[in-house]
>>> print(open('final_0.txt').read())   # compact mmCIF, C-alpha atoms
# COMPACT_ATOMS: atom_id res chain seq x y z
CA MET A 1 -10.05 9.48 -11.24
CA SER A 2 -7.60 7.59 -9.02
CA HIS A 3 -6.00 9.48 -6.16
CA ILE A 4 -3.13 8.31 -3.95
CA LEU A 5 -3.24 9.37 -0.31
CA SER A 6 -0.36 8.88 2.10
CA LEU A 7 -1.35 9.05 5.76
CA LEU A 8 1.12 9.30 8.63
CA VAL A 9 -0.65 7.85 11.66
CA GLU A 10 0.05 6.75 15.21
CA ASP A 11 0.56 2.99 15.41
CA LYS A 12 -2.63 2.22 17.37
CA PRO A 13 -4.97 -0.79 17.23
CA GLY A 14 -8.20 -0.16 15.33
CA LEU A 15 -7.02 2.91 13.42
CA LEU A 16 -6.90 1.11 10.07
CA THR A 17 -10.50 -0.02 10.62
CA ARG A 18 -11.59 3.57 11.29
CA VAL A 19 -9.77 4.85 8.19
CA ALA A 20 -11.22 2.14 5.91
CA GLY A 21 -14.65 2.62 7.47
CA LEU A 22 -14.58 6.31 6.63
CA PHE A 23 -14.13 5.46 2.94
CA ALA A 24 -16.80 2.73 3.15
CA ARG A 25 -19.39 5.05 4.71
CA ARG A 26 -18.91 7.41 1.78
CA GLY A 27 -19.33 4.53 -0.69
CA PHE A 28 -15.77 4.81 -2.03
CA ASN A 29 -14.06 1.66 -3.22
CA ILE A 30 -10.44 1.36 -2.07
CA GLU A 31 -8.42 0.14 -5.06
CA SER A 32 -5.21 -0.44 -3.12
CA LEU A 33 -4.18 -0.31 0.52
CA ALA A 34 -0.71 -0.68 2.02
CA VAL A 35 0.30 -0.24 5.65
CA GLY A 36 3.75 -0.35 7.17
CA ALA A 37 6.05 1.11 9.77
CA SER A 38 7.34 4.59 8.99
CA GLU A 39 10.79 6.03 9.48
CA ILE A 40 9.58 7.47 12.81
CA GLU A 41 9.20 5.06 15.74
CA GLY A 42 5.60 4.69 16.89
CA LEU A 43 4.17 5.95 13.60
CA SER A 44 2.90 4.01 10.60
CA ARG A 45 2.22 5.00 7.02
CA ILE A 46 -1.03 4.08 5.28
CA THR A 47 -1.11 4.44 1.50
CA VAL A 48 -4.58 4.38 -0.04
CA VAL A 49 -5.49 4.45 -3.73
CA VAL A 50 -9.12 5.41 -4.26
CA ASP A 51 -11.12 6.19 -7.39
CA VAL A 52 -13.11 9.33 -6.59
CA GLU A 53 -13.67 12.86 -7.85
CA ALA A 54 -11.75 15.77 -6.29
CA LEU A 55 -14.56 17.34 -4.21
CA PRO A 56 -15.67 14.19 -2.32
CA LEU A 57 -11.98 13.37 -1.78
CA GLU A 58 -11.48 16.77 -0.16
CA GLN A 59 -14.38 16.03 2.21
CA VAL A 60 -12.91 12.63 3.14
CA THR A 61 -9.49 14.22 3.69
CA LYS A 62 -11.03 16.73 6.10
CA GLN A 63 -12.75 13.90 7.99
CA LEU A 64 -9.52 11.87 8.11
CA ASN A 65 -7.75 14.89 9.61
CA LYS A 66 -10.34 14.90 12.41
CA LEU A 67 -9.33 11.38 13.50
CA ILE A 68 -7.21 11.74 16.64
CA ASN A 69 -4.40 9.39 15.59
CA VAL A 70 -3.93 10.81 12.07
CA ILE A 71 -0.83 13.04 12.04
CA LYS A 72 -0.54 14.09 8.39
CA ILE A 73 -2.21 13.44 5.02
CA VAL A 74 -0.55 14.05 1.67
CA GLU A 75 -2.03 13.45 -1.77
CA LEU A 76 0.75 12.06 -3.94
CA ASP A 77 1.20 13.28 -7.50
CA PRO A 78 0.84 10.21 -9.77
CA GLY A 79 3.49 11.65 -12.09
CA GLN A 80 6.05 11.67 -9.27
CA ALA A 81 5.00 8.58 -7.34
CA VAL A 82 6.48 5.13 -7.90
CA GLU A 83 3.84 2.44 -8.24
CA ARG A 84 4.56 -1.26 -7.96
CA GLU A 85 2.47 -4.38 -7.55
CA HIS A 86 3.52 -7.59 -5.86
CA LEU A 87 2.48 -11.18 -6.30
CA LEU A 88 3.22 -13.89 -3.77
CA VAL A 89 3.04 -17.43 -5.09
CA LYS A 90 3.81 -20.71 -3.38
CA VAL A 91 5.04 -23.31 -5.85
CA ARG A 92 5.71 -26.97 -5.17
CA VAL A 93 8.62 -28.22 -7.27
CA ASP A 94 10.84 -31.24 -7.45
CA ASN A 95 14.47 -31.44 -8.53
CA THR A 96 13.54 -31.78 -12.21
CA THR A 97 11.41 -28.60 -12.37
CA ARG A 98 13.31 -26.45 -9.85
CA SER A 99 15.67 -24.95 -12.42
CA GLN A 100 12.76 -24.04 -14.72
CA VAL A 101 10.97 -22.23 -11.90
CA LEU A 102 14.12 -20.33 -10.89
CA GLU A 103 14.69 -19.35 -14.52
CA ALA A 104 11.16 -17.93 -14.73
CA VAL A 105 11.62 -16.06 -11.43
CA ASN A 106 14.85 -14.49 -12.63
CA LEU A 107 13.12 -13.19 -15.77
CA PHE A 108 10.91 -10.97 -13.61
CA ALA A 109 13.18 -10.29 -10.64
CA PRO A 110 14.42 -6.73 -10.22
CA ALA A 111 18.08 -6.10 -10.96
CA TRP A 112 18.91 -5.47 -7.30
CA SER A 113 17.56 -8.79 -6.02
CA THR A 114 19.26 -12.13 -5.85
CA TRP A 115 17.33 -15.35 -6.17
CA PRO A 116 17.55 -17.72 -4.54
CA PRO A 117 18.30 -15.58 -1.46
CA THR A 118 21.67 -16.01 0.19
CA ARG A 119 21.77 -16.98 3.85
>>> encode(input="final_0.txt", output="structure tokens")
Amino acid sequence: MSHILSLLVEDKPGLLTRVAGLFARRGFNIESLAVGASEIEGLSRITVVVDVEALPLEQVTKQLNKLINVIKIVELDPGQAVEREHLLVKVRVDNTTRSQVLEAVNLFAPAWSTWPPTR
């Protein structure tokens, strides 16, 4: 079963490697991993999606809590979490195909975005 963990961590070099290594040593495959700055300066948020049963996940969570730079770990409820995937594509176009590409982009763009971006 997939579980979503949100880790609040100190923004220190090598911490992501230690977190990922902890999952690897247990033989767990990370399905998704996202890292970014948090709302608190000096802290980052790591979001990990891993397919594992509840008991081994509890053991990993306890080990993650032992890491010095890990501040807090929360398992997110899939029913209340927003999931989204991104795709980055670089497309070479000329003036004849540019409008077709923009039309395709606008089909899938969220309502709040504007494409092409304004400067």
>>> closest_residue(input="final_0.txt", among="A:Met1, A:Ile30, A:Ala20, A:Ile40", to="Leu64 (chain A)", atoms="only C-alpha atoms")
A:Ala20
>>> residues_around(input="final_0.txt", residues="Val35 (chain A)", least_positions_apart="3", cutoff="12 Å", atoms="only C-alpha atoms", output="list in words")
Leu5, Ser6, Leu7, Leu8, Val9, Glu10, Asp11, Leu15, Leu16, Thr17, Val19, Ala20, Ser32, Ser38, Leu43, Ser44, Arg45, Ile46, Thr47, Val48 and Val49 of chain A
>>> residues_around(input="final_0.txt", residues="Asp77 (chain A)", least_positions_apart="2", cutoff="10 Å", atoms="only C-alpha atoms", output="list of chain:residue names")
A:His3, A:Ile4, A:Leu5, A:Val74, A:Glu75, A:Gly79, A:Gln80, A:Ala81, A:Val82
>>> atom_distance(input="final_0.txt", atom1="CA of Leu57 (chain A)", atom2="CA of Phe23 (chain A)")
9.5 Å
>>> atom_distance(input="final_0.txt", atom1="CA of Gly27 (chain A)", atom2="CA of Lys62 (chain A)")
16.2 Å
>>> closest_residue(input="final_0.txt", among="A:Val50, A:Val93, A:Leu67, A:Leu55", to="Glu31 (chain A)", atoms="only C-alpha atoms")
A:Val50
>>> atom_distance(input="final_0.txt", atom1="CA of Gly42 (chain A)", atom2="CA of Glu85 (chain A)")
26.3 Å
>>> closest_residue(input="final_0.txt", among="A:Glu41, A:Pro56, A:His86, A:Pro13", to="Phe108 (chain A)", atoms="only C-alpha atoms")
A:His86
>>> closest_residue(input="final_0.txt", among="A:Val91, A:Lys12, A:Glu83, A:Val60", to="Ala24 (chain A)", atoms="only C-alpha atoms")
A:Val60
>>> axis_aligned_box(input="final_0.txt", around="region 10-24 of chain A", padding_each_side="6 Å", output="JSON")
{"center_x": -8.1, "center_y": 3.0, "center_z": 10.2, "size_x": 29.4, "size_y": 19.5, "size_z": 26.4}
>>> closest_residue(input="final_0.txt", among="A:Val52, A:Ile68, A:Ala37, A:Val105", to="Leu88 (chain A)", atoms="all atoms listed in the file")
A:Val105
